[in-house]
Amino acid sequence: MHPSVRLTAAELPRLDSPLVIGAFRGWHDGTGTAVAAIRYLRTEWGAVEVANLDPERYYDMTVARPHVQLRNDERIIRWPGTRFYVVPSVAGARDVVLLAGREPSFAWRNYCDALCDVMVELGAKQFLALGSRPALVPHTRPAGIGLTDADESLSTLLGIEPTQGTYQGPTGIHTVLAVRLREGGLDAARLTARIPSYVTAGPNPKAVLALVEQVDRVTGRQTSLGSLRGSIMAFEQQTEAALDQLDNPRQMRAQIAEMERVYDESDREAAPAAPEPTVAELPSTESLIGDIEALLRERRQGPDSAP
């Protein structure tokens, strides 16, 4: 086992070709939406942590700061890191391992080697990364979902036609890890939720819902969605209240109405991602977007809080 791996269980369990589902706060999940989806699944499924990576090896603590919590009047330090959780088996459902972390500050190749080692030890053959990205979609519609570089089995289960990544340029840990996993004989795919480009102050509960529903399809599980639907209602109310408090709400609402028109006329899975100029005058609303972000941030517990 890689030297940075720390077991939090007596030993890694024996699983039947589990699907590893992971998310990393950072380049591919700037709002923390995908990580919030993993947290939601972890709670609803009763997942148990079995391993984590030594944070001192991979994180600049002045960037990814530890958090302090009070427990029975005692200070507890919660370190940034990457954690593996095993999900209890369910009859008729596939074995699942959840992976949640923050994009590392350095030693990316070493980091990916460590993740690959744990997945191999767990008997995994497939890795599904969850992500989120801003897009020209309205907050009044369901979040669109895109699937990238998936094999036929995953795309069939999800009912989504995958696209092949053609992007060239700076990238995030998802891509680096996917290349490493394929070198190790594992399949890797990415499921991305598209969120409104003007509401990125924290996890988007509509996008969390979309990701959870897709995960249920691929794993054969039925996750309770009651508390998540309640978060969606609160999110919509907060967004509408923020829009009403803008100095020029009509301008932003006109932009949203145009996004709704484009969304309704097209397949939502094919909704264009920012910064494609589908809504021609969107750049002129940058100050309004900033105002919405500030107003919503005041109403949230923090950017890392789960829906």
# chains A, B, ... in the order shown; residues from 1 in each chain; ligands from 1
$ select_by_dssp --residues "stretch 126-214 of chain A" --states "alpha helix (DSSP H)" --output "PyMOL selection string"
chain A and resi 152-158+173-183+205-214
$ write_last_selection --atoms "C-alpha atoms" --output "PDB file, in the first residue's frame"
ATOM      1  CA  GLU A 152     -20.706   1.689 -22.876  1.00  0.00           C
ATOM      2  CA  SER A 153     -21.856   0.041 -19.644  1.00  0.00           C
ATOM      3  CA  LEU A 154     -21.960   3.306 -17.698  1.00  0.00           C
ATOM      4  CA  SER A 155     -23.567   5.323 -20.484  1.00  0.00           C
ATOM      5  CA  THR A 156     -26.237   2.634 -20.937  1.00  0.00           C
ATOM      6  CA  LEU A 157     -27.081   2.576 -17.235  1.00  0.00           C
ATOM      7  CA  LEU A 158     -27.261   6.370 -17.072  1.00  0.00           C
ATOM      8  CA  ILE A 173      -7.103  16.510 -10.771  1.00  0.00           C
ATOM      9  CA  HIS A 174     -10.031  14.646 -12.403  1.00  0.00           C
ATOM     10  CA  THR A 175      -8.193  14.459 -15.711  1.00  0.00           C
ATOM     11  CA  VAL A 176      -4.813  13.601 -14.210  1.00  0.00           C
ATOM     12  CA  LEU A 177      -6.364  10.863 -12.077  1.00  0.00           C
ATOM     13  CA  ALA A 178      -8.360   9.461 -15.009  1.00  0.00           C
ATOM     14  CA  VAL A 179      -5.174   9.082 -17.071  1.00  0.00           C
ATOM     15  CA  ARG A 180      -3.409   7.368 -14.155  1.00  0.00           C
ATOM     16  CA  LEU A 181      -6.302   4.991 -13.523  1.00  0.00           C
ATOM     17  CA  ARG A 182      -6.468   3.958 -17.153  1.00  0.00           C
ATOM     18  CA  GLU A 183      -2.751   3.229 -17.046  1.00  0.00           C
ATOM     19  CA  PRO A 205     -28.941  21.774  -4.319  1.00  0.00           C
ATOM     20  CA  LYS A 206     -30.620  21.321  -7.721  1.00  0.00           C
ATOM     21  CA  ALA A 207     -27.342  20.091  -9.149  1.00  0.00           C
ATOM     22  CA  VAL A 208     -26.788  17.893  -6.084  1.00  0.00           C
ATOM     23  CA  LEU A 209     -30.207  16.338  -6.751  1.00  0.00           C
ATOM     24  CA  ALA A 210     -29.361  15.726 -10.405  1.00  0.00           C
ATOM     25  CA  LEU A 211     -26.082  14.021  -9.470  1.00  0.00           C
ATOM     26  CA  VAL A 212     -27.691  11.871  -6.769  1.00  0.00           C
ATOM     27  CA  GLU A 213     -30.432  10.731  -9.146  1.00  0.00           C
ATOM     28  CA  GLN A 214     -27.831   9.695 -11.720  1.00  0.00           C
TER      29      GLN A 214
END
$ closest_atom_pairs --of "stretch 136-210 of chain A" --to "stretch 246-265 of chain A" --cutoff "12 Å" --atoms "only C-alpha atoms" --output "tab-separated table"
residue	atom	partner	partner_atom	distance
A:Leu136	CA	A:Met259	CA	6.5
A:Val137	CA	A:Met259	CA	5.7
A:Pro138	CA	A:Met259	CA	5.7
A:His139	CA	A:Ile256	CA	8.1
A:Thr140	CA	A:Glu260	CA	7.8
A:Arg141	CA	A:Glu260	CA	7.6
A:Pro142	CA	A:Tyr263	CA	9.9
A:Ala143	CA	A:Tyr263	CA	10.4
A:Gly144	CA	A:Tyr263	CA	9.5
A:Arg194	CA	A:Tyr263	CA	11.9
A:Pro196	CA	A:Ile256	CA	9.5
A:Ser197	CA	A:Ile256	CA	10.6
A:Tyr198	CA	A:Met252	CA	9.5
A:Val199	CA	A:Ile256	CA	11.6
$ closest_residue --among "A:Gly184, A:Gly81, A:Gly46, A:Gly146" --to "A:Glu103" --atoms "only C-alpha atoms"
A:Gly81
$ closest_residue --among "A:Ala10, A:Ala51, A:Val90, A:Met119" --to "A:Gly185" --atoms "only C-alpha atoms"
A:Met119
$ select_by_dssp --residues "stretch 39-116 of chain A" --states "strand (DSSP E or B)" --output "list in words"
Val48, Glu49, Val50, Ala51, Asn52, Leu53, His67, Val68, Gln69, Leu70, Arg71, Glu74, Arg75, Ile76, Ile77, Arg78, Thr82, Arg83, Phe84, Tyr85, Val86, Val96, Val97, Leu98, Leu99, Ala100, Gly101 and Arg102 of chain A
$ write_last_selection --atoms "N, CA and C atoms" --output "tab-separated table (two decimals), in the first residue's frame"
chain	number	residue	atom	x	y	z
A	48	VAL	N	-19.11	4.27	5.79
A	48	VAL	CA	-18.12	4.27	6.87
A	48	VAL	C	-16.73	4.52	6.30
A	49	GLU	N	-16.00	5.46	6.89
A	49	GLU	CA	-14.64	5.74	6.43
A	49	GLU	C	-13.73	4.55	6.69
A	50	VAL	N	-12.93	4.19	5.67
A	50	VAL	CA	-12.01	3.07	5.83
A	50	VAL	C	-10.56	3.47	5.59
A	51	ALA	N	-10.35	4.62	4.93
A	51	ALA	CA	-8.97	5.04	4.66
A	51	ALA	C	-8.95	6.52	4.31
A	52	ASN	N	-7.81	7.16	4.53
A	52	ASN	CA	-7.60	8.53	4.09
A	52	ASN	C	-6.13	8.72	3.75
A	53	LEU	N	-5.83	9.87	3.14
A	53	LEU	CA	-4.46	10.17	2.77
A	53	LEU	C	-3.88	11.20	3.73
A	67	HIS	N	-10.05	23.11	9.77
A	67	HIS	CA	-11.17	23.72	10.47
A	67	HIS	C	-11.17	23.26	11.93
A	68	VAL	N	-11.53	24.16	12.82
A	68	VAL	CA	-11.64	23.81	14.23
A	68	VAL	C	-13.11	23.67	14.59
A	69	GLN	N	-13.42	22.64	15.36
A	69	GLN	CA	-14.78	22.40	15.82
A	69	GLN	C	-14.77	22.19	17.32
A	70	LEU	N	-15.88	22.52	17.95
A	70	LEU	CA	-16.02	22.29	19.38
A	70	LEU	C	-16.89	21.06	19.59
A	71	ARG	N	-16.36	20.10	20.36
A	71	ARG	CA	-17.11	18.89	20.67
A	71	ARG	C	-16.98	18.64	22.16
A	74	GLU	N	-14.45	20.71	23.77
A	74	GLU	CA	-13.07	20.40	23.41
A	74	GLU	C	-12.85	20.76	21.94
A	75	ARG	N	-11.70	21.39	21.65
A	75	ARG	CA	-11.39	21.77	20.28
A	75	ARG	C	-10.92	20.56	19.48
A	76	ILE	N	-11.56	20.34	18.34
A	76	ILE	CA	-11.21	19.25	17.44
A	76	ILE	C	-10.78	19.85	16.11
A	77	ILE	N	-9.64	19.42	15.59
A	77	ILE	CA	-9.15	19.91	14.31
A	77	ILE	C	-9.57	18.95	13.20
A	78	ARG	N	-10.24	19.49	12.20
A	78	ARG	CA	-10.63	18.72	11.02
A	78	ARG	C	-9.68	19.13	9.88
A	82	THR	N	-8.38	13.68	1.84
A	82	THR	CA	-9.08	12.82	0.91
A	82	THR	C	-9.44	11.54	1.64
A	83	ARG	N	-10.71	11.18	1.61
A	83	ARG	CA	-11.20	10.07	2.42
A	83	ARG	C	-12.01	9.08	1.58
A	84	PHE	N	-11.82	7.80	1.88
A	84	PHE	CA	-12.58	6.72	1.25
A	84	PHE	C	-13.63	6.22	2.23
A	85	TYR	N	-14.84	6.01	1.73
A	85	TYR	CA	-15.95	5.50	2.53
A	85	TYR	C	-16.55	4.27	1.84
A	86	VAL	N	-16.75	3.22	2.59
A	86	VAL	CA	-17.40	2.02	2.06
A	86	VAL	C	-18.88	2.07	2.41
A	96	VAL	N	-20.43	-0.13	-3.62
A	96	VAL	CA	-20.02	1.25	-3.90
A	96	VAL	C	-19.01	1.71	-2.86
A	97	VAL	N	-18.03	2.47	-3.32
A	97	VAL	CA	-17.09	3.17	-2.46
A	97	VAL	C	-17.18	4.65	-2.80
A	98	LEU	N	-17.29	5.49	-1.78
A	98	LEU	CA	-17.33	6.94	-1.99
A	98	LEU	C	-15.96	7.53	-1.68
A	99	LEU	N	-15.58	8.49	-2.48
A	99	LEU	CA	-14.29	9.17	-2.33
A	99	LEU	C	-14.54	10.67	-2.32
A	100	ALA	N	-14.12	11.35	-1.28
A	100	ALA	CA	-14.32	12.80	-1.18
A	100	ALA	C	-13.01	13.46	-0.81
A	101	GLY	N	-12.70	14.56	-1.47
A	101	GLY	CA	-11.45	15.24	-1.17
A	101	GLY	C	-11.40	16.63	-1.72
A	102	ARG	N	-10.25	17.21	-1.55
A	102	ARG	CA	-9.94	18.54	-2.10
A	102	ARG	C	-8.77	18.37	-3.04
$ atom_distance --atom1 "atom CA of A:Thr219" --atom2 "atom CA of A:Ala37"
14.6 Å
$ atom_distance --atom1 "atom CA of A:Asp151" --atom2 "atom CA of A:Gln126"
9.5 Å
$ atom_distance --atom1 "atom CA of A:Ile195" --atom2 "atom CA of A:Pro134"
5.0 Å
$ decode --residues "stretch 62-199 of chain A" --atoms "C-alpha atoms" --output "PDB file, in the first residue's frame"
ATOM      1  CA  THR A  62      -2.346  28.256   4.234  1.00  0.00           C
ATOM      2  CA  VAL A  63      -4.615  27.599   1.226  1.00  0.00           C
ATOM      3  CA  ALA A  64      -6.614  24.540   2.314  1.00  0.00           C
ATOM      4  CA  ARG A  65      -6.858  25.487   5.971  1.00  0.00           C
ATOM      5  CA  PRO A  66      -7.889  23.026   8.683  1.00  0.00           C
ATOM      6  CA  HIS A  67     -11.173  23.722  10.474  1.00  0.00           C
ATOM      7  CA  VAL A  68     -11.635  23.811  14.228  1.00  0.00           C
ATOM      8  CA  GLN A  69     -14.784  22.401  15.816  1.00  0.00           C
ATOM      9  CA  LEU A  70     -16.025  22.292  19.381  1.00  0.00           C
ATOM     10  CA  ARG A  71     -17.107  18.892  20.668  1.00  0.00           C
ATOM     11  CA  ASN A  72     -18.087  18.663  24.330  1.00  0.00           C
ATOM     12  CA  ASP A  73     -16.211  21.940  24.883  1.00  0.00           C
ATOM     13  CA  GLU A  74     -13.073  20.403  23.406  1.00  0.00           C
ATOM     14  CA  ARG A  75     -11.388  21.775  20.280  1.00  0.00           C
ATOM     15  CA  ILE A  76     -11.209  19.246  17.443  1.00  0.00           C
ATOM     16  CA  ILE A  77      -9.155  19.912  14.309  1.00  0.00           C
ATOM     17  CA  ARG A  78     -10.628  18.724  11.017  1.00  0.00           C
ATOM     18  CA  TRP A  79      -7.796  18.499   8.500  1.00  0.00           C
ATOM     19  CA  PRO A  80      -8.249  18.928   4.751  1.00  0.00           C
ATOM     20  CA  GLY A  81      -7.762  15.684   2.962  1.00  0.00           C
ATOM     21  CA  THR A  82      -9.080  12.817   0.915  1.00  0.00           C
ATOM     22  CA  ARG A  83     -11.200  10.069   2.415  1.00  0.00           C
ATOM     23  CA  PHE A  84     -12.577   6.716   1.252  1.00  0.00           C
ATOM     24  CA  TYR A  85     -15.949   5.498   2.533  1.00  0.00           C
ATOM     25  CA  VAL A  86     -17.396   2.024   2.058  1.00  0.00           C
ATOM     26  CA  VAL A  87     -21.146   1.831   1.574  1.00  0.00           C
ATOM     27  CA  PRO A  88     -23.028  -1.057   3.230  1.00  0.00           C
ATOM     28  CA  SER A  89     -24.147  -3.652   0.687  1.00  0.00           C
ATOM     29  CA  VAL A  90     -27.778  -3.679  -0.446  1.00  0.00           C
ATOM     30  CA  ALA A  91     -29.473  -6.645  -2.097  1.00  0.00           C
ATOM     31  CA  GLY A  92     -29.700  -6.142  -5.847  1.00  0.00           C
ATOM     32  CA  ALA A  93     -27.437  -3.084  -5.786  1.00  0.00           C
ATOM     33  CA  ARG A  94     -23.831  -2.748  -6.791  1.00  0.00           C
ATOM     34  CA  ASP A  95     -21.056  -2.400  -4.209  1.00  0.00           C
ATOM     35  CA  VAL A  96     -20.022   1.246  -3.898  1.00  0.00           C
ATOM     36  CA  VAL A  97     -17.090   3.168  -2.465  1.00  0.00           C
ATOM     37  CA  LEU A  98     -17.329   6.940  -1.990  1.00  0.00           C
ATOM     38  CA  LEU A  99     -14.287   9.168  -2.333  1.00  0.00           C
ATOM     39  CA  ALA A 100     -14.317  12.797  -1.183  1.00  0.00           C
ATOM     40  CA  GLY A 101     -11.453  15.236  -1.167  1.00  0.00           C
ATOM     41  CA  ARG A 102      -9.944  18.536  -2.095  1.00  0.00           C
ATOM     42  CA  GLU A 103      -7.733  18.982  -5.130  1.00  0.00           C
ATOM     43  CA  PRO A 104      -4.146  18.664  -3.849  1.00  0.00           C
ATOM     44  CA  SER A 105      -1.785  21.612  -3.693  1.00  0.00           C
ATOM     45  CA  PHE A 106       1.227  19.621  -4.894  1.00  0.00           C
ATOM     46  CA  ALA A 107       2.640  16.109  -5.599  1.00  0.00           C
ATOM     47  CA  TRP A 108      -0.195  15.301  -7.992  1.00  0.00           C
ATOM     48  CA  ARG A 109       1.395  12.189  -9.504  1.00  0.00           C
ATOM     49  CA  ASN A 110       2.164  10.787  -6.068  1.00  0.00           C
ATOM     50  CA  TYR A 111      -1.383  11.632  -4.968  1.00  0.00           C
ATOM     51  CA  CYS A 112      -2.891   9.776  -7.939  1.00  0.00           C
ATOM     52  CA  ASP A 113      -0.636   6.785  -7.275  1.00  0.00           C
ATOM     53  CA  ALA A 114      -1.998   6.623  -3.723  1.00  0.00           C
ATOM     54  CA  LEU A 115      -5.628   6.796  -4.865  1.00  0.00           C
ATOM     55  CA  CYS A 116      -5.011   4.149  -7.493  1.00  0.00           C
ATOM     56  CA  ASP A 117      -3.434   1.832  -4.906  1.00  0.00           C
ATOM     57  CA  VAL A 118      -6.487   2.046  -2.630  1.00  0.00           C
ATOM     58  CA  MET A 119      -8.903   1.431  -5.512  1.00  0.00           C
ATOM     59  CA  VAL A 120      -6.942  -1.607  -6.651  1.00  0.00           C
ATOM     60  CA  GLU A 121      -6.873  -2.977  -3.086  1.00  0.00           C
ATOM     61  CA  LEU A 122     -10.652  -2.550  -2.916  1.00  0.00           C
ATOM     62  CA  GLY A 123     -11.073  -4.500  -6.167  1.00  0.00           C
ATOM     63  CA  ALA A 124     -12.490  -1.563  -8.116  1.00  0.00           C
ATOM     64  CA  LYS A 125     -12.642  -1.594 -11.911  1.00  0.00           C
ATOM     65  CA  GLN A 126     -14.488   1.672 -12.571  1.00  0.00           C
ATOM     66  CA  PHE A 127     -14.250   5.215 -11.240  1.00  0.00           C
ATOM     67  CA  LEU A 128     -17.003   7.779 -11.741  1.00  0.00           C
ATOM     68  CA  ALA A 129     -15.966  11.337 -10.949  1.00  0.00           C
ATOM     69  CA  LEU A 130     -18.660  13.874 -10.084  1.00  0.00           C
ATOM     70  CA  GLY A 131     -18.151  17.522 -10.953  1.00  0.00           C
ATOM     71  CA  SER A 132     -19.914  20.818 -11.539  1.00  0.00           C
ATOM     72  CA  ARG A 133     -19.330  23.792 -13.793  1.00  0.00           C
ATOM     73  CA  PRO A 134     -20.976  27.147 -14.458  1.00  0.00           C
ATOM     74  CA  ALA A 135     -23.212  27.238 -17.523  1.00  0.00           C
ATOM     75  CA  LEU A 136     -25.719  29.528 -19.196  1.00  0.00           C
ATOM     76  CA  VAL A 137     -28.660  27.789 -17.540  1.00  0.00           C
ATOM     77  CA  PRO A 138     -31.391  29.358 -15.365  1.00  0.00           C
ATOM     78  CA  HIS A 139     -31.873  28.588 -11.674  1.00  0.00           C
ATOM     79  CA  THR A 140     -35.571  27.998 -12.415  1.00  0.00           C
ATOM     80  CA  ARG A 141     -34.907  24.767 -14.339  1.00  0.00           C
ATOM     81  CA  PRO A 142     -33.455  21.359 -13.395  1.00  0.00           C
ATOM     82  CA  ALA A 143     -29.679  21.091 -13.581  1.00  0.00           C
ATOM     83  CA  GLY A 144     -28.366  19.605 -16.814  1.00  0.00           C
ATOM     84  CA  ILE A 145     -25.999  16.639 -16.715  1.00  0.00           C
ATOM     85  CA  GLY A 146     -23.143  15.736 -19.034  1.00  0.00           C
ATOM     86  CA  LEU A 147     -21.151  12.496 -19.234  1.00  0.00           C
ATOM     87  CA  THR A 148     -17.571  12.478 -20.491  1.00  0.00           C
ATOM     88  CA  ASP A 149     -15.312   9.613 -21.612  1.00  0.00           C
ATOM     89  CA  ALA A 150     -17.610   6.887 -20.257  1.00  0.00           C
ATOM     90  CA  ASP A 151     -17.580   3.281 -21.381  1.00  0.00           C
ATOM     91  CA  GLU A 152     -20.706   1.689 -22.876  1.00  0.00           C
ATOM     92  CA  SER A 153     -21.856   0.041 -19.644  1.00  0.00           C
ATOM     93  CA  LEU A 154     -21.960   3.306 -17.698  1.00  0.00           C
ATOM     94  CA  SER A 155     -23.567   5.323 -20.484  1.00  0.00           C
ATOM     95  CA  THR A 156     -26.237   2.634 -20.937  1.00  0.00           C
ATOM     96  CA  LEU A 157     -27.081   2.576 -17.235  1.00  0.00           C
ATOM     97  CA  LEU A 158     -27.261   6.370 -17.072  1.00  0.00           C
ATOM     98  CA  GLY A 159     -29.106   6.754 -20.356  1.00  0.00           C
ATOM     99  CA  ILE A 160     -26.758   9.574 -21.358  1.00  0.00           C
ATOM    100  CA  GLU A 161     -24.788   9.683 -24.586  1.00  0.00           C
ATOM    101  CA  PRO A 162     -21.184  10.355 -23.535  1.00  0.00           C
ATOM    102  CA  THR A 163     -18.918  12.886 -25.191  1.00  0.00           C
ATOM    103  CA  GLN A 164     -15.215  12.465 -25.735  1.00  0.00           C
ATOM    104  CA  GLY A 165     -13.119  15.180 -24.152  1.00  0.00           C
ATOM    105  CA  THR A 166     -11.344  17.354 -26.719  1.00  0.00           C
ATOM    106  CA  TYR A 167     -10.203  20.154 -24.389  1.00  0.00           C
ATOM    107  CA  GLN A 168      -6.506  21.052 -24.405  1.00  0.00           C
ATOM    108  CA  GLY A 169      -4.959  23.335 -21.802  1.00  0.00           C
ATOM    109  CA  PRO A 170      -4.616  23.627 -18.007  1.00  0.00           C
ATOM    110  CA  THR A 171      -6.594  20.941 -16.235  1.00  0.00           C
ATOM    111  CA  GLY A 172      -7.674  19.594 -12.869  1.00  0.00           C
ATOM    112  CA  ILE A 173      -7.103  16.510 -10.771  1.00  0.00           C
ATOM    113  CA  HIS A 174     -10.031  14.646 -12.403  1.00  0.00           C
ATOM    114  CA  THR A 175      -8.193  14.459 -15.711  1.00  0.00           C
ATOM    115  CA  VAL A 176      -4.813  13.601 -14.210  1.00  0.00           C
ATOM    116  CA  LEU A 177      -6.364  10.863 -12.077  1.00  0.00           C
ATOM    117  CA  ALA A 178      -8.360   9.461 -15.009  1.00  0.00           C
ATOM    118  CA  VAL A 179      -5.174   9.082 -17.071  1.00  0.00           C
ATOM    119  CA  ARG A 180      -3.409   7.368 -14.155  1.00  0.00           C
ATOM    120  CA  LEU A 181      -6.302   4.991 -13.523  1.00  0.00           C
ATOM    121  CA  ARG A 182      -6.468   3.958 -17.153  1.00  0.00           C
ATOM    122  CA  GLU A 183      -2.751   3.229 -17.046  1.00  0.00           C
ATOM    123  CA  GLY A 184      -3.553   0.941 -14.113  1.00  0.00           C
ATOM    124  CA  GLY A 185      -6.317  -0.875 -15.991  1.00  0.00           C
ATOM    125  CA  LEU A 186      -9.345   0.924 -14.494  1.00  0.00           C
ATOM    126  CA  ASP A 187     -12.080   2.703 -16.432  1.00  0.00           C
ATOM    127  CA  ALA A 188     -12.787   6.332 -15.539  1.00  0.00           C
ATOM    128  CA  ALA A 189     -15.629   8.664 -16.519  1.00  0.00           C
ATOM    129  CA  ARG A 190     -16.888  12.068 -15.386  1.00  0.00           C
ATOM    130  CA  LEU A 191     -20.467  13.117 -14.637  1.00  0.00           C
ATOM    131  CA  THR A 192     -20.816  16.906 -14.593  1.00  0.00           C
ATOM    132  CA  ALA A 193     -23.752  18.984 -13.387  1.00  0.00           C
ATOM    133  CA  ARG A 194     -24.252  22.381 -15.024  1.00  0.00           C
ATOM    134  CA  ILE A 195     -25.143  25.179 -12.622  1.00  0.00           C
ATOM    135  CA  PRO A 196     -26.243  28.770 -13.257  1.00  0.00           C
ATOM    136  CA  SER A 197     -23.234  30.969 -13.920  1.00  0.00           C
ATOM    137  CA  TYR A 198     -24.751  33.724 -11.774  1.00  0.00           C
ATOM    138  CA  VAL A 199     -25.289  31.584  -8.643  1.00  0.00           C
TER     139      VAL A 199
END
